[in-house]
>>> print(open('query24.cif').read())   # mmCIF, C-alpha atoms
data_my_file
#
loop_
_atom_site.label_atom_id
_atom_site.label_comp_id
_atom_site.auth_asym_id
_atom_site.auth_seq_id
_atom_site.Cartn_x
_atom_site.Cartn_y
_atom_site.Cartn_z
CA MET A 1 0.00 0.00 0.00
CA ARG A 2 1.36 3.43 -0.92
CA PRO A 3 2.30 6.02 1.74
CA ILE A 4 -0.59 7.90 3.29
CA HIS A 5 -0.73 11.69 3.22
CA GLY A 6 -2.92 14.54 4.49
CA ASN A 7 -5.63 13.69 6.95
CA THR A 8 -5.79 10.06 5.88
CA LEU A 9 -6.24 7.49 8.66
CA SER A 10 -4.89 3.95 8.46
CA ARG A 11 -5.66 0.72 10.31
CA ARG A 12 -3.00 -1.98 10.50
CA ASP A 13 -4.04 -5.44 9.50
CA ASP A 14 -2.07 -8.06 11.39
CA ASP A 15 -4.34 -10.98 10.55
CA ALA A 16 -2.87 -12.91 7.65
CA SER A 17 -6.25 -14.42 6.87
CA MET A 18 -7.54 -10.95 6.03
CA THR A 19 -5.43 -10.91 2.86
CA THR A 20 -8.13 -13.04 1.22
CA ARG A 21 -10.83 -10.48 1.91
CA ARG A 22 -12.09 -8.38 -0.96
CA ARG A 23 -11.46 -4.64 -0.99
CA LEU A 24 -14.16 -2.00 -1.12
CA LEU A 25 -14.08 1.72 -1.77
CA PHE A 26 -16.95 3.51 -0.01
CA LEU A 27 -17.85 7.00 -1.29
CA SER A 28 -20.02 9.11 0.99
CA PRO A 29 -21.22 12.74 1.10
CA ILE A 30 -21.12 12.66 4.91
CA ILE A 31 -19.11 11.10 7.72
CA PRO A 32 -20.99 8.00 8.92
CA ALA A 33 -22.40 8.25 12.45
CA GLN A 34 -24.44 5.99 14.72
CA ARG A 35 -26.69 8.83 15.86
CA GLY A 36 -27.96 12.21 14.74
CA ASN A 37 -28.32 12.92 11.02
CA GLY A 38 -30.47 10.38 9.19
CA LEU A 39 -28.16 10.17 6.17
CA ALA A 40 -25.14 9.72 8.45
CA MET A 41 -26.92 6.90 10.27
CA ARG A 42 -27.88 5.11 7.06
CA THR A 43 -24.34 5.49 5.75
CA CYS A 44 -23.03 4.08 9.03
CA PHE A 45 -25.27 1.04 8.67
CA PHE A 46 -23.92 0.26 5.18
CA LEU A 47 -20.35 0.84 6.33
CA GLU A 48 -20.75 -1.63 9.18
CA ALA A 49 -22.46 -4.18 6.93
CA TYR A 50 -19.65 -4.00 4.39
CA ALA A 51 -16.91 -4.12 7.04
CA ARG A 52 -18.06 -7.64 7.89
CA HIS A 53 -17.03 -8.84 4.44
CA PHE A 54 -14.54 -6.32 2.98
CA ASP A 55 -11.50 -4.26 3.80
CA VAL A 56 -13.05 -0.82 3.42
CA ASP A 57 -11.46 2.44 2.27
CA LEU A 58 -13.78 5.35 3.06
CA ALA A 59 -13.68 8.57 1.02
CA VAL A 60 -15.91 11.41 2.24
CA PHE A 61 -16.85 14.31 -0.02
CA PRO A 62 -18.76 16.85 2.14
CA ILE A 63 -21.14 17.95 -0.61
CA ILE A 64 -23.79 19.58 1.59
CA ALA A 65 -22.19 20.73 4.83
CA ALA A 66 -18.93 20.79 6.77
CA PRO A 67 -18.00 17.35 8.09
CA GLU A 68 -18.55 16.32 11.67
CA LYS A 69 -15.99 14.56 13.87
CA VAL A 70 -14.89 11.05 12.88
CA THR A 71 -15.79 8.62 15.66
CA ASP A 72 -13.81 5.65 16.93
CA PHE A 73 -16.68 3.45 15.70
CA VAL A 74 -15.95 4.50 12.12
CA ARG A 75 -12.17 4.31 12.50
CA ALA A 76 -12.44 0.72 13.70
CA ARG A 77 -14.26 -0.31 10.52
CA VAL A 78 -12.05 1.18 7.82
CA THR A 79 -8.60 0.48 6.51
CA ARG A 80 -8.11 3.99 5.18
CA LEU A 81 -10.16 7.15 5.52
CA GLU A 82 -9.92 10.48 3.75
CA VAL A 83 -12.18 13.44 4.43
CA PHE A 84 -11.68 15.66 1.41
CA SER A 85 -12.26 19.39 1.29
CA ARG A 86 -15.60 20.39 -0.19
CA PRO A 87 -15.29 19.91 -3.97
CA GLN A 88 -15.69 22.94 -6.20
CA ALA A 89 -18.82 23.26 -8.29
CA ASP A 90 -18.12 22.55 -11.95
CA ALA A 91 -17.60 25.49 -14.30
CA HIS A 92 -20.93 25.02 -16.09
CA PHE A 93 -22.97 25.19 -12.89
CA SER A 94 -20.92 28.12 -11.59
CA LEU A 95 -21.85 30.09 -14.71
CA ILE A 96 -25.51 29.20 -14.20
CA ALA A 97 -25.41 30.31 -10.56
CA ALA A 98 -23.93 33.65 -11.60
CA ILE A 99 -26.90 34.53 -13.83
CA ILE A 100 -28.88 37.33 -12.20
CA ASP A 101 -32.17 37.04 -14.07
CA GLN A 102 -34.19 34.29 -12.40
CA GLU A 103 -36.01 33.09 -15.51
CA THR A 104 -32.80 32.93 -17.55
CA ARG A 105 -31.03 31.10 -14.70
CA LEU A 106 -33.81 28.52 -14.47
CA SER A 107 -33.75 27.97 -18.24
CA ALA A 108 -29.99 27.42 -18.13
CA PHE A 109 -30.32 25.02 -15.20
CA LEU A 110 -32.90 22.95 -17.10
CA GLN A 111 -30.36 22.53 -19.90
CA TYR A 112 -27.67 21.52 -17.37
CA GLU A 113 -29.59 18.26 -16.71
CA ARG A 114 -27.90 17.49 -13.42
CA PRO A 115 -29.14 18.16 -9.87
CA SER A 116 -27.48 21.13 -8.22
CA LEU A 117 -25.96 18.81 -5.59
CA ALA A 118 -24.23 16.85 -8.36
CA SER A 119 -22.37 19.99 -9.47
CA ARG A 120 -19.81 19.25 -6.73
CA ALA A 121 -19.47 15.58 -7.67
CA GLY A 122 -17.81 16.08 -11.04
CA HIS A 123 -14.26 16.76 -12.22
CA SER A 124 -12.99 18.35 -9.00
CA ALA A 125 -14.14 15.42 -6.84
CA TRP A 126 -12.86 12.87 -9.37
CA GLN A 127 -9.39 14.44 -9.41
CA MET A 128 -9.14 14.29 -5.62
CA LEU A 129 -10.30 10.68 -5.57
CA LYS A 130 -8.07 9.67 -8.46
CA GLU A 131 -4.98 10.90 -6.64
CA TRP A 132 -5.95 9.11 -3.43
CA VAL A 133 -6.61 5.72 -5.06
CA ARG A 134 -4.07 5.88 -7.88
CA THR A 135 -2.28 2.63 -6.93
CA GLU A 136 -5.21 0.89 -5.26
CA ARG A 137 -7.34 -1.90 -6.68
CA TYR A 138 -10.90 -2.50 -5.52
CA ASP A 139 -13.33 -5.34 -6.00
CA LEU A 140 -16.37 -3.18 -5.22
CA VAL A 141 -17.10 0.55 -5.16
CA HIS A 142 -20.14 1.70 -3.18
CA VAL A 143 -21.64 5.17 -3.76
CA GLU A 144 -23.95 6.69 -1.16
CA ARG A 145 -26.70 8.77 -2.85
CA LEU A 146 -27.43 9.32 -6.52
CA TYR A 147 -26.04 12.87 -6.64
CA LEU A 148 -22.57 11.48 -5.84
CA ALA A 149 -22.66 9.05 -8.80
CA PRO A 150 -20.80 11.38 -11.23
CA VAL A 151 -17.63 10.83 -9.16
CA VAL A 152 -17.43 7.29 -10.54
CA GLU A 153 -18.78 8.07 -14.02
CA ARG A 154 -15.42 7.27 -15.64
CA TRP A 155 -15.40 3.82 -14.04
CA ALA A 156 -19.07 3.27 -14.82
CA SER A 157 -18.46 3.90 -18.52
CA LEU A 158 -15.97 1.01 -18.72
CA PRO A 159 -17.02 -2.56 -19.59
CA PRO A 160 -17.84 -4.62 -16.45
CA THR A 161 -14.77 -6.77 -17.03
CA SER A 162 -12.49 -3.72 -16.88
CA ARG A 163 -13.71 -2.08 -13.69
CA PRO A 164 -14.68 -2.88 -10.10
CA ARG A 165 -18.24 -3.95 -9.36
CA LEU A 166 -20.38 -0.90 -8.62
CA ALA A 167 -23.12 -0.49 -6.01
CA ILE A 168 -25.19 2.58 -5.17
CA ASP A 169 -27.58 3.37 -2.37
CA CYS A 170 -30.13 5.89 -3.62
CA ASP A 171 -31.97 5.80 -0.28
CA ASP A 172 -34.87 7.95 -1.54
CA ASP A 173 -36.24 8.54 -5.00
CA ASP A 174 -35.05 12.15 -5.14
CA ALA A 175 -37.15 12.99 -8.19
CA THR A 176 -40.33 12.07 -6.32
CA ALA A 177 -39.19 14.01 -3.26
CA TYR A 178 -38.64 17.19 -5.26
CA ARG A 179 -41.90 16.82 -7.17
CA ARG A 180 -43.74 16.66 -3.86
CA LEU A 181 -41.85 19.71 -2.67
CA ALA A 182 -42.80 21.53 -5.86
CA ALA A 183 -46.48 20.74 -5.27
CA ILE A 184 -46.24 22.21 -1.77
CA GLU A 185 -44.57 25.36 -3.07
CA ARG A 186 -47.30 25.78 -5.71
CA SER A 187 -50.00 25.39 -3.08
CA GLN A 188 -48.40 28.32 -1.23
CA ASN A 189 -48.25 30.45 -4.40
CA ARG A 190 -44.47 30.28 -4.49
CA ALA A 191 -44.16 29.84 -8.25
CA GLU A 192 -40.41 30.43 -8.49
CA ALA A 193 -39.56 27.93 -5.74
CA ALA A 194 -41.96 25.40 -7.31
CA ALA A 195 -40.27 25.78 -10.70
CA TRP A 196 -36.84 25.18 -9.18
CA ALA A 197 -38.05 22.11 -7.33
CA GLU A 198 -39.54 20.76 -10.57
CA ALA A 199 -36.23 21.41 -12.32
CA GLU A 200 -34.36 19.51 -9.61
CA ALA A 201 -36.84 16.63 -9.93
CA SER A 202 -36.33 16.53 -13.69
CA ALA A 203 -32.55 16.55 -13.26
CA PHE A 204 -32.66 13.68 -10.77
CA GLY A 205 -34.85 11.71 -13.17
CA ILE A 206 -32.38 12.27 -16.02
CA MET A 207 -29.45 11.24 -13.82
CA ALA A 208 -31.25 8.09 -12.70
CA ARG A 209 -31.93 7.10 -16.32
CA ARG A 210 -28.33 7.73 -17.34
CA MET A 211 -26.53 6.24 -14.37
CA LEU A 212 -28.43 3.51 -12.54
CA GLY A 213 -28.18 0.95 -15.32
CA ARG A 214 -24.40 1.11 -15.05
CA PHE A 215 -24.39 -0.14 -11.46
CA ASP A 216 -24.31 -3.82 -10.57
CA MET A 217 -26.41 -3.30 -7.43
CA VAL A 218 -28.90 -0.54 -6.60
CA PHE A 219 -30.41 -0.08 -3.12
CA ALA A 220 -33.39 1.96 -1.90
CA ALA A 221 -34.87 2.46 1.56
CA SER A 222 -38.45 1.48 0.76
CA SER A 223 -40.50 -0.52 -1.71
CA THR A 224 -42.13 2.73 -2.84
CA ALA A 225 -38.78 4.30 -3.73
CA ALA A 226 -37.59 1.05 -5.30
CA ALA A 227 -40.64 0.89 -7.56
CA SER A 228 -40.12 4.49 -8.70
CA LEU A 229 -36.43 3.95 -9.41
CA SER A 230 -36.96 0.63 -11.21
CA VAL A 231 -38.79 2.38 -14.06
CA HIS A 232 -35.33 3.40 -15.26
CA GLY A 233 -34.69 -0.20 -16.27
CA THR A 234 -32.71 -1.58 -13.34
CA ALA A 235 -33.52 -3.92 -10.48
CA VAL A 236 -33.58 -2.18 -7.10
CA ALA A 237 -33.12 -4.03 -3.80
CA VAL A 238 -34.95 -2.72 -0.73
CA VAL A 239 -32.81 -2.22 2.36
CA PRO A 240 -34.78 -0.09 4.84
CA ASN A 241 -33.35 2.15 7.48
CA VAL A 242 -32.79 0.21 10.67
CA ALA A 243 -33.46 0.82 14.32
CA PRO A 244 -30.73 3.04 15.79
CA ALA A 245 -28.32 1.61 18.33
CA GLY A 246 -29.27 2.50 21.88
CA ASP A 247 -29.63 1.33 25.44
CA GLY A 248 -33.37 0.64 25.42
CA PRO A 249 -36.47 2.80 25.37
CA ARG A 250 -36.48 6.20 27.01
CA ARG A 251 -40.07 6.63 28.04
CA PRO A 252 -41.45 10.04 28.87
CA ILE A 253 -41.19 11.06 32.48
CA LYS A 254 -44.58 11.02 34.15
CA ARG A 255 -45.15 14.50 35.48
CA ALA A 256 -48.08 16.77 36.14
CA GLY A 257 -46.45 19.87 34.65
CA ARG A 258 -45.61 20.95 31.14
CA LYS A 259 -45.80 18.48 28.25
CA THR A 260 -43.14 18.30 25.52
CA ILE A 261 -43.64 17.64 21.81
CA LEU A 262 -40.55 16.81 19.78
CA PHE A 263 -39.70 17.06 16.08
CA VAL A 264 -36.27 15.76 15.05
CA GLY A 265 -34.72 16.19 11.61
CA THR A 266 -31.97 17.88 9.65
CA MET A 267 -33.58 21.26 9.06
CA GLY A 268 -31.30 22.01 6.13
CA TYR A 269 -33.17 19.29 4.21
CA PRO A 270 -36.06 21.09 2.42
CA PRO A 271 -38.82 18.57 3.30
CA ASN A 272 -37.91 18.85 7.01
CA ASP A 273 -37.86 22.63 6.86
CA ASP A 274 -41.28 22.60 5.19
CA ALA A 275 -42.58 20.15 7.80
CA ALA A 276 -41.44 22.29 10.71
CA ARG A 277 -42.88 25.47 9.20
CA TRP A 278 -46.19 23.77 8.33
CA PHE A 279 -46.50 22.42 11.86
CA LEU A 280 -45.69 25.80 13.41
CA THR A 281 -47.99 27.88 11.21
CA ARG A 282 -50.89 25.52 10.51
CA VAL A 283 -51.00 22.82 13.19
CA TRP A 284 -49.60 24.45 16.33
CA PRO A 285 -52.25 27.23 16.60
CA ARG A 286 -55.06 24.67 16.23
CA PHE A 287 -53.41 22.34 18.72
CA ARG A 288 -53.03 25.13 21.30
CA ARG A 289 -56.75 25.87 21.05
CA LEU A 290 -57.52 22.19 21.69
CA PHE A 291 -54.92 21.59 24.41
CA ARG A 292 -54.93 24.25 27.12
CA MET A 293 -52.35 22.68 29.42
CA PRO A 294 -48.73 23.97 29.49
CA VAL A 295 -46.83 22.53 26.52
CA ARG A 296 -43.73 23.27 24.50
CA LEU A 297 -42.48 22.26 21.07
CA ILE A 298 -38.78 21.42 20.63
CA ILE A 299 -37.44 21.32 17.07
CA VAL A 300 -34.10 19.50 17.00
CA GLY A 301 -31.81 19.51 13.97
CA GLY A 302 -29.00 21.34 12.23
CA ASP A 303 -29.17 24.22 9.79
CA PRO A 304 -32.59 25.71 10.59
CA SER A 305 -33.58 28.26 7.96
CA PRO A 306 -33.99 31.96 8.81
CA ARG A 307 -37.72 31.61 8.06
CA LEU A 308 -38.04 28.80 10.58
CA ILE A 309 -36.10 30.70 13.23
CA ARG A 310 -38.35 33.73 12.77
CA LEU A 311 -41.49 31.60 13.08
CA ALA A 312 -40.16 30.02 16.27
CA GLN A 313 -39.78 33.32 18.11
CA ARG A 314 -42.36 32.48 20.76
CA PRO A 315 -42.10 31.29 24.39
CA ASP A 316 -43.57 27.81 23.79
CA VAL A 317 -41.19 26.85 20.93
CA VAL A 318 -37.48 25.95 21.04
CA VAL A 319 -35.24 25.48 17.97
CA THR A 320 -31.97 23.85 19.05
CA GLY A 321 -29.92 23.75 15.88
CA THR A 322 -27.27 21.03 15.71
CA VAL A 323 -27.01 18.75 18.76
CA VAL A 324 -24.52 16.04 19.62
CA GLU A 325 -27.17 13.58 20.87
CA THR A 326 -30.91 13.35 20.30
CA ALA A 327 -31.42 10.82 23.13
CA PRO A 328 -31.70 13.48 25.89
CA PHE A 329 -34.59 15.07 24.01
CA TYR A 330 -36.41 11.76 23.62
CA ARG A 331 -36.04 11.23 27.37
CA ILE A 332 -38.13 14.30 28.10
CA ALA A 333 -40.56 13.97 25.17
CA ASP A 334 -44.21 13.05 25.70
CA LEU A 335 -44.87 12.91 21.96
CA ALA A 336 -42.88 12.89 18.72
CA VAL A 337 -44.34 14.42 15.56
CA ILE A 338 -43.39 13.75 11.94
CA PRO A 339 -45.31 16.37 9.93
CA VAL A 340 -43.40 15.61 6.72
CA ARG A 341 -45.27 16.32 3.48
CA ALA A 342 -42.49 15.72 0.93
CA GLY A 343 -39.56 13.37 0.50
CA SER A 344 -39.57 9.59 0.24
CA GLY A 345 -37.72 6.62 1.72
CA THR A 346 -38.01 5.40 5.31
CA ARG A 347 -37.97 7.91 8.16
CA ILE A 348 -35.16 7.16 10.59
CA LYS A 349 -36.82 9.69 12.90
CA LEU A 350 -39.83 7.36 13.14
CA LEU A 351 -37.69 4.35 14.04
CA GLU A 352 -35.70 6.47 16.48
CA ALA A 353 -38.81 7.63 18.32
CA ALA A 354 -40.15 4.07 18.42
CA ALA A 355 -36.85 2.72 19.75
CA HIS A 356 -36.98 5.29 22.57
CA GLY A 357 -40.55 4.42 23.48
CA VAL A 358 -42.04 7.78 22.48
CA PRO A 359 -45.52 7.77 20.85
CA VAL A 360 -45.76 9.25 17.35
CA VAL A 361 -48.17 11.28 15.26
CA SER A 362 -47.16 11.39 11.60
CA THR A 363 -48.43 12.32 8.18
CA THR A 364 -48.98 9.50 5.71
CA VAL A 365 -45.86 10.61 3.83
CA GLY A 366 -43.90 10.65 7.09
CA ALA A 367 -44.62 6.95 7.68
CA GLU A 368 -44.48 5.95 4.01
CA GLY A 369 -42.41 2.89 3.24
CA THR A 370 -42.69 1.47 6.76
CA THR A 371 -44.77 -1.33 8.26
CA PHE A 372 -46.22 0.98 10.92
CA ARG A 373 -50.03 1.08 10.94
CA HIS A 374 -52.48 3.78 11.95
CA GLY A 375 -54.06 3.00 15.30
CA ARG A 376 -51.60 0.17 16.03
CA GLU A 377 -48.11 1.67 16.20
CA LEU A 378 -48.85 5.36 15.62
CA LEU A 379 -51.51 7.84 14.57
CA LEU A 380 -51.64 9.20 11.02
CA ALA A 381 -53.13 12.56 10.08
CA ASP A 382 -52.70 14.70 6.97
CA SER A 383 -54.87 17.76 7.56
CA GLU A 384 -53.97 20.53 10.00
CA GLU A 385 -57.08 19.91 12.10
CA ARG A 386 -56.68 16.12 12.31
CA PHE A 387 -52.97 16.38 13.08
CA ALA A 388 -53.65 18.85 15.90
CA ARG A 389 -56.45 16.69 17.30
CA ALA A 390 -54.32 13.52 17.19
CA CYS A 391 -51.57 15.28 19.17
CA ALA A 392 -54.04 16.54 21.76
CA ASP A 393 -55.70 13.14 22.09
CA LEU A 394 -52.44 11.30 22.79
CA LEU A 395 -51.25 13.87 25.30
CA ARG A 396 -54.53 13.51 27.20
CA ASP A 397 -54.70 9.70 27.00
CA ARG A 398 -51.40 8.45 28.43
CA SER A 399 -52.52 4.82 28.43
CA ARG A 400 -53.28 4.86 24.72
CA ALA A 401 -50.08 6.75 23.95
CA LEU A 402 -47.89 4.25 25.78
CA GLY A 403 -49.76 1.37 24.16
CA LEU A 404 -48.93 2.73 20.69
CA ALA A 405 -45.33 3.27 21.77
CA ARG A 406 -44.99 -0.32 22.99
CA GLN A 407 -46.41 -1.65 19.72
CA ALA A 408 -44.12 0.61 17.70
CA ARG A 409 -41.05 -0.56 19.60
CA ALA A 410 -42.00 -4.19 19.03
CA ARG A 411 -42.56 -3.52 15.31
CA THR A 412 -39.18 -1.81 15.07
CA ALA A 413 -37.41 -4.78 16.67
CA LEU A 414 -39.22 -7.20 14.36
CA ASP A 415 -38.89 -5.46 10.99
CA TYR A 416 -35.89 -3.13 11.32
CA ASP A 417 -33.23 -5.11 13.12
CA ALA A 418 -29.77 -3.92 12.09
CA GLY A 419 -28.13 -7.35 12.31
CA CYS A 420 -30.74 -8.98 10.09
CA TRP A 421 -30.50 -6.33 7.39
CA SER A 422 -26.71 -6.28 7.59
CA ARG A 423 -26.66 -9.98 6.71
CA ARG A 424 -29.09 -9.26 3.89
CA VAL A 425 -26.74 -6.67 2.40
CA GLY A 426 -23.90 -9.21 2.54
CA ASP A 427 -26.03 -11.80 0.74
CA LEU A 428 -27.09 -9.33 -1.98
CA VAL A 429 -23.55 -8.14 -2.65
CA ALA A 430 -22.24 -11.71 -2.72
CA GLN A 431 -24.58 -12.37 -5.66
CA VAL A 432 -22.85 -9.61 -7.63
CA PHE A 433 -19.60 -11.57 -7.61
CA VAL A 434 -21.35 -14.80 -8.61
CA ASN A 435 -23.20 -13.38 -11.61
#
>>> encode(input="query24.cif", output="structure tokens")
Amino acid sequence: MRPIHGNTLSRRDDDASMTTRRRLLFLSPIIPAQRGNGLAMRTCFFLEAYARHFDVDLAVFPIIAAPEKVTDFVRARVTRLEVFSRPQADAHFSLIAAIIDQETRLSAFLQYERPSLASRAGHSAWQMLKEWVRTERYDLVHVERLYLAPVVERWASLPPTSRPRLAIDCDDDDATAYRRLAAIERSQNRAEAAAWAEAEASAFGIMARRMLGRFDMVFAASSTAAASLSVHGTAVAVVPNVAPAGDGPRRPIKRAGRKTILFVGTMGYPPNDDAARWFLTRVWPRFRRLFRMPVRLIIVGGDPSPRLIRLAQRPDVVVTGTVVETAPFYRIADLAVIPVRAGSGTRIKLLEAAAHGVPVVSTTVGAEGTTFRHGRELLLADSEERFARACADLLRDRSRALGLARQARARTALDYDAGCWSRRVGDLVAQVFVN
């Protein structure tokens, strides 16, 4: 192995038997983590699953935000790790972004035919990766998220016999997520934002058609997302998000005073920002009229938008921003809400609440792709009035709330066990080397 430079980490391998293990290059837009950000948690699951079967080199391209700290858990599962600087946007997209006129900029973006996130996954990212792996040979390359796929486009264009096997985890169907977001923007008479969301959806659709067929294995987090992605002519395997690691349920403290409602999510993700703002402006006032007891709403997650922060300027609402651990908030929560109206995939926030023993009220979209059922493991509500009433009902009826929470925790253990799905990933990838 060549000398290691920069902020690369290395793990010595003293077990001679490990020389027979295959090698895997894992490309991620975020540092894997056991807790916190949903994407980081899903990435961590795949990393751990692969580490059971491969010697893993992990390359992180922080496309969206500055990287968090690398944990010992991650270090123990990789042979080499490089956290690159944020790649530059390609020249074409930079020119588009510099256009002042909104209509002209949108027209140019439509001709670009790549999602805006993919603008940082092109030549600049490839050059950094190429230097880092110049003497390395891999049996499998895994890409986390579709917008990162252009990094391996040069490999993907080669015949299968001349390149490593390629796997990609799309997680969501991004085109569907952005179309839903566009519909929400239109309903709020935000025509420009709706047009941009539609353009992003179109770009993700084009990228899926061009790229997915070049991968030997494609993963998605739900059967709904898998069905949407499979229209591009490739088989998609469902690997859902799994229950987060923890030390058992953290049930709400029984107290006569103020109740706490919790919403957890990365607020920089547009569907989460929309969900928080919808809940604050449309649901919260109705709920407060129905529920007169002292109550507060805590919104936990990084990168809250200025609009959200302005809306939260009231004594019964707290916006935390980025936190190290979400567990302390679940310990004090009487109810978790998932008012998500856009996006796709499986909500880690739902599994997280269930694992901590906190009852949940969610929209249908928020529970989409899961085996959770209305009235059994959670309550579902899509209108402002019904969502507010469901929250009030569960806060008043502790017995019913805890019953739903117990059922949800049992469902999580049954259908979303990390060990079970880790073995499934190993089995699926093994088939790639047989075929």
>>> resolve_selection(input="query24.cif", expression="the PyMOL selection byres ((chain A and resi 276) around 8)", output="PyMOL selection string")
chain A and resi 263+272-275+277-280+299+308+339
>>> closest_residue(input="query24.cif", among="A:Ile184, A:Cys391, A:Val324, A:Val295", to="Arg341 in chain A", atoms="only C-alpha atoms")
A:Ile184
>>> atom_distance(input="query24.cif", atom1="CA of Phe46 in chain A", atom2="CA of Gly233 in chain A")
24.0 Å
>>> closest_residue(input="query24.cif", among="A:Leu47, A:Ala108, A:Leu24, A:Val425", to="Val238 in chain A", atoms="only C-alpha atoms")
A:Val425
>>> closest_atom_pairs(input="query24.cif", of="range 263-361 of chain A", to="range 63-73 of chain A", cutoff="10 Å", atoms="all atoms listed in the file", output="JSON lines")
{"residue": "A:Gly268", "atom": "CA", "partner": "A:Ile64", "partner_atom": "CA", "distance": 9.1}
{"residue": "A:Tyr269", "atom": "CA", "partner": "A:Ile64", "partner_atom": "CA", "distance": 9.7}
{"residue": "A:Asp303", "atom": "CA", "partner": "A:Ala65", "partner_atom": "CA", "distance": 9.2}
{"residue": "A:Val324", "atom": "CA", "partner": "A:Glu68", "partner_atom": "CA", "distance": 9.9}
>>> closest_residue(input="query24.cif", among="A:His53, A:Lys259, A:Arg137, A:Arg105", to="Ala195 in chain A", atoms="all atoms listed in the file")
A:Arg105
>>> resolve_selection(input="query24.cif", expression="the PyMOL selection byres ((chain A and resi 414-421) around 12)", output="count of residues only")
48
>>> residues_around(input="query24.cif", residues="range 173-179 of chain A", least_positions_apart="4", cutoff="6 Å", atoms="only C-alpha atoms", output="JSON, numbers by chain")
{"A": [197, 198, 201, 204, 205, 225, 342, 343, 344]}
>>> closest_residue(input="query24.cif", among="A:Glu384, A:Gly375, A:Arg307, A:Phe93", to="Arg400 in chain A", atoms="only C-alpha atoms")
A:Gly375
>>> resolve_selection(input="query24.cif", expression="the PyMOL selection byres ((chain A and resi 166) around 9)", output="PyMOL selection string")
chain A and resi 139-143+152+155-156+163-165+167-168+214-218
>>> closest_residue(input="query24.cif", among="A:Pro271, A:Leu106, A:Arg210, A:Ser116", to="Ser157 in chain A", atoms="all atoms listed in the file")
A:Arg210
>>> residues_around(input="query24.cif", residues="Ser85 in chain A", least_positions_apart="4", cutoff="9 Å", atoms="all atoms listed in the file", output="PyMOL selection string")
chain A and resi 60-62+66
>>> atom_distance(input="query24.cif", atom1="CA of Phe287 in chain A", atom2="CA of Arg180 in chain A")
25.2 Å
>>> residues_around(input="query24.cif", residues="Thr260 in chain A", least_positions_apart="6", cutoff="12 Å", atoms="all atoms listed in the file", output="list in words")
Pro252, Ile253, Lys254, Met293, Pro294, Val295, Arg296, Leu297, Ile298, Ile299, Asp316, Val317, Val318, Phe329, Tyr330, Arg331, Ile332, Ala333, Asp334, Leu335, Ala336, Val337, Val358, Pro359, Cys391, Ala392, Leu394 and Leu395 of chain A
>>> decode(input="query24.cif", residues="range 157-169 of chain A", atoms="N, CA and C atoms", output="JSON list (two decimals), in the first residue's frame")
[["chain", "number", "residue", "atom", "x", "y", "z"],
["A", 157, "SER", "N", -18.41, 3.96, -17.06],
["A", 157, "SER", "CA", -18.46, 3.90, -18.52],
["A", 157, "SER", "C", -17.63, 2.76, -19.09],
["A", 158, "LEU", "N", -16.81, 2.11, -18.26],
["A", 158, "LEU", "CA", -15.97, 1.01, -18.72],
["A", 158, "LEU", "C", -16.78, -0.29, -18.78],
["A", 159, "PRO", "N", -16.36, -1.25, -19.58],
["A", 159, "PRO", "CA", -17.02, -2.56, -19.59],
["A", 159, "PRO", "C", -16.90, -3.21, -18.20],
["A", 160, "PRO", "N", -17.88, -3.99, -17.78],
["A", 160, "PRO", "CA", -17.84, -4.62, -16.45],
["A", 160, "PRO", "C", -16.57, -5.41, -16.17],
["A", 161, "THR", "N", -15.98, -5.98, -17.23],
["A", 161, "THR", "CA", -14.77, -6.77, -17.03],
["A", 161, "THR", "C", -13.53, -5.92, -16.78],
["A", 162, "SER", "N", -13.65, -4.60, -16.99],
["A", 162, "SER", "CA", -12.49, -3.72, -16.88],
["A", 162, "SER", "C", -12.57, -2.77, -15.68],
["A", 163, "ARG", "N", -13.51, -2.99, -14.81],
["A", 163, "ARG", "CA", -13.71, -2.08, -13.69],
["A", 163, "ARG", "C", -14.15, -2.85, -12.45],
["A", 164, "PRO", "N", -14.13, -2.22, -11.29],
["A", 164, "PRO", "CA", -14.68, -2.88, -10.10],
["A", 164, "PRO", "C", -16.20, -3.04, -10.25],
["A", 165, "ARG", "N", -16.78, -3.93, -9.46],
["A", 165, "ARG", "CA", -18.24, -3.95, -9.36],
["A", 165, "ARG", "C", -18.69, -2.63, -8.73],
["A", 166, "LEU", "N", -19.88, -2.19, -9.09],
["A", 166, "LEU", "CA", -20.38, -0.90, -8.62],
["A", 166, "LEU", "C", -21.72, -1.08, -7.93],
["A", 167, "ALA", "N", -21.86, -0.48, -6.75],
["A", 167, "ALA", "CA", -23.12, -0.49, -6.01],
["A", 167, "ALA", "C", -23.46, 0.94, -5.63],
["A", 168, "ILE", "N", -24.76, 1.24, -5.57],
["A", 168, "ILE", "CA", -25.19, 2.58, -5.17],
["A", 168, "ILE", "C", -26.42, 2.46, -4.27],
["A", 169, "ASP", "N", -26.41, 3.27, -3.22],
["A", 169, "ASP", "CA", -27.58, 3.37, -2.37],
["A", 169, "ASP", "C", -28.25, 4.71, -2.65]]
